[in-house]
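Read through the structure below, which is laid out as structure tokens, and then see the notes.
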Amino acid sequence: MSSTKTENSTPMKTFQILAISGSLRSRSSNLSLLKAAQQLAPENFQISFYGGLSQLPHFNPDCDTETPPVAVADLRAWLRASDGVIICTPEYAHGLPGTLKNALDWTVSSGEWMEKPVLILNASPVSHFAHDSLVEILTTIMARTISHRIGLSGNKMDELAMLDNTEITSKLIESLGELETALVVPELVEI
């Protein structure tokens, strides 16, 4: 784990943060929001993007063994290597996208989410079923969730437009600050 120096020369821990978009679209507003968050993140955050949702096989408990499929082992390794996670997902038919739910199903029994701070960003001002479902699932698998509704005015904004919007940037900075607090002082975020 690397560290940076603060103004008083005290080493500051660098947190490895995994960003996951629940959308597979290359121009997804959810991915754009995560990219905007990356630009606004505290300097001690190292944000990496997980891009393997589409590579995961359909969840099958018979394959959830000590030697899972390679794509599943890769997802679990990404999660184990992260100190915290940021998820931003769309809502499809009042639920989570199947690829994101599938990824979560592959991690229920393996324990990577246990006590891990997870910032859930909701880009839509009107969707709540997927958001509520994601909070429920992550709480069930013992993650420590922090939820924020950003409420984009439409799904055509890219990260540059988001970064130019002071309301969006202030909400993202507040959200990221709460994630940083959860990483530094874990007891402040309850399961």
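Naming works like this for the structure tokens: A, B, ... for the chains as they're shown, residue 1 at the start of each chain, ligands 1 onward in shown order.
For range 142-154 of chain A, the list of residues within 7 Å, based on only C-alpha atoms and with local chain neighbours fewer than 6 positions off taken out, reads Trp113, Met114, Glu115, Lys116, Pro117, Val118, Leu119, Ile120, Leu121, Asn122, Ala123, Ser124, Pro125, Val135, Ile168, Lys171, Ser175, Val189, Glu190 and Ile191 of chain A.
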Using N, CA and C atoms, can you write the selected residues to a file as a short mmCIF file (atom, residue, chain, number, x, y, z; two decimals), in the first residue's frame?
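The resulting part_1.cif:
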```
data_model
loop_
_atom_site.label_atom_id
_atom_site.label_comp_id
_atom_site.auth_asym_id
_atom_site.auth_seq_id
_atom_site.Cartn_x
_atom_site.Cartn_y
_atom_site.Cartn_z
N TRP A 113 -17.02 -8.56 0.59
CA TRP A 113 -17.71 -7.32 0.96
C TRP A 113 -17.74 -7.08 2.47
N MET A 114 -17.38 -8.07 3.25
CA MET A 114 -17.48 -8.00 4.70
C MET A 114 -16.79 -6.76 5.26
N GLU A 115 -17.59 -5.87 5.88
CA GLU A 115 -17.11 -4.65 6.53
C GLU A 115 -16.49 -3.63 5.57
N LYS A 116 -16.62 -3.85 4.26
CA LYS A 116 -16.02 -2.94 3.28
C LYS A 116 -16.94 -1.74 3.07
N PRO A 117 -16.42 -0.50 3.17
CA PRO A 117 -17.25 0.66 2.88
C PRO A 117 -17.59 0.73 1.39
N VAL A 118 -18.86 0.93 1.09
CA VAL A 118 -19.32 1.00 -0.29
C VAL A 118 -20.16 2.26 -0.46
N LEU A 119 -19.71 3.14 -1.34
CA LEU A 119 -20.47 4.33 -1.69
C LEU A 119 -21.35 4.00 -2.88
N ILE A 120 -22.65 4.16 -2.71
CA ILE A 120 -23.60 3.92 -3.78
C ILE A 120 -24.09 5.27 -4.29
N LEU A 121 -23.79 5.54 -5.55
CA LEU A 121 -24.24 6.77 -6.18
C LEU A 121 -25.44 6.47 -7.07
N ASN A 122 -26.49 7.23 -6.92
CA ASN A 122 -27.69 7.07 -7.74
C ASN A 122 -27.76 8.28 -8.66
N ALA A 123 -27.57 8.04 -9.96
CA ALA A 123 -27.54 9.14 -10.93
C ALA A 123 -28.92 9.65 -11.30
N SER A 124 -29.94 8.83 -11.14
CA SER A 124 -31.28 9.20 -11.58
C SER A 124 -32.09 9.84 -10.45
N PRO A 125 -32.79 10.92 -10.77
CA PRO A 125 -33.63 11.54 -9.74
C PRO A 125 -34.94 10.78 -9.51
N VAL A 135 -28.76 -1.53 -1.91
CA VAL A 135 -28.49 -1.31 -0.49
C VAL A 135 -28.84 -2.57 0.30
N ILE A 168 -23.67 19.20 -8.94
CA ILE A 168 -23.20 17.81 -9.05
C ILE A 168 -21.86 17.66 -8.36
N LYS A 171 -22.16 17.63 -4.57
CA LYS A 171 -22.71 16.36 -4.07
C LYS A 171 -21.67 15.25 -4.15
N SER A 175 -20.09 13.18 -1.03
CA SER A 175 -20.19 11.71 -1.02
C SER A 175 -18.82 11.08 -0.82
N VAL A 189 -19.63 4.54 10.29
CA VAL A 189 -20.61 4.04 9.32
C VAL A 189 -21.15 2.73 9.84
N GLU A 190 -22.45 2.69 10.09
CA GLU A 190 -23.04 1.47 10.63
C GLU A 190 -23.57 0.60 9.51
N ILE A 191 -23.59 -0.69 9.78
CA ILE A 191 -24.15 -1.66 8.84
C ILE A 191 -25.66 -1.60 8.91
#
```
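The residues of range 43-75 of chain A that DSSP classifies as strand (DSSP E or B), using the backbone of this structure, are Phe45, Gln46, Ile47, Ser48, Phe49 and Tyr50 of chain A.
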How about saving the chosen residues, N, CA and C atoms kept, as a compact mmCIF listing (two decimals), in the first residue's frame?
```
# COMPACT_ATOMS: atom_id res chain seq x y z
N PHE A 45 -7.01 8.80 -2.59
CA PHE A 45 -7.78 7.75 -3.26
C PHE A 45 -7.10 7.36 -4.56
N GLN A 46 -6.90 6.09 -4.75
CA GLN A 46 -6.44 5.55 -6.03
C GLN A 46 -7.61 4.76 -6.60
N ILE A 47 -8.33 5.33 -7.58
CA ILE A 47 -9.55 4.72 -8.10
C ILE A 47 -9.25 3.92 -9.35
N SER A 48 -9.66 2.65 -9.34
CA SER A 48 -9.54 1.75 -10.49
C SER A 48 -10.95 1.32 -10.90
N PHE A 49 -11.13 1.10 -12.19
CA PHE A 49 -12.44 0.72 -12.71
C PHE A 49 -12.47 -0.77 -13.02
N TYR A 50 -13.51 -1.45 -12.51
CA TYR A 50 -13.71 -2.86 -12.83
C TYR A 50 -14.53 -2.93 -14.11
```
Which residues, written as a PyMOL selection string, have at least one atom at most 12 Å from Lys101 in chain A, with only C-alpha atoms counted and residues fewer than 5 positions away on the same chain left out? chain A and resi 21-23+53-54+56-59+89-92+95-96+106-108+130-131+133-138
Quick one: everything within 6 Å of Val85 in chain A, counting only C-alpha atoms, minus sequence neighbours fewer than 4 positions away in the same chain. Send it as a PyMOL selection string. chain A and resi 17-19+118
My list of candidates is A:Lys13, A:Arg25, A:Lys35, A:Arg76. Which is closest to Ala103 in chain A when distances are computed with only C-alpha atoms? A:Arg76
Counting only C-alpha atoms, figure out which residue out of A:Asp132, A:Asp64, A:Glu159, A:Asp164 gets nearest to Asp105 in chain A. A:Asp64
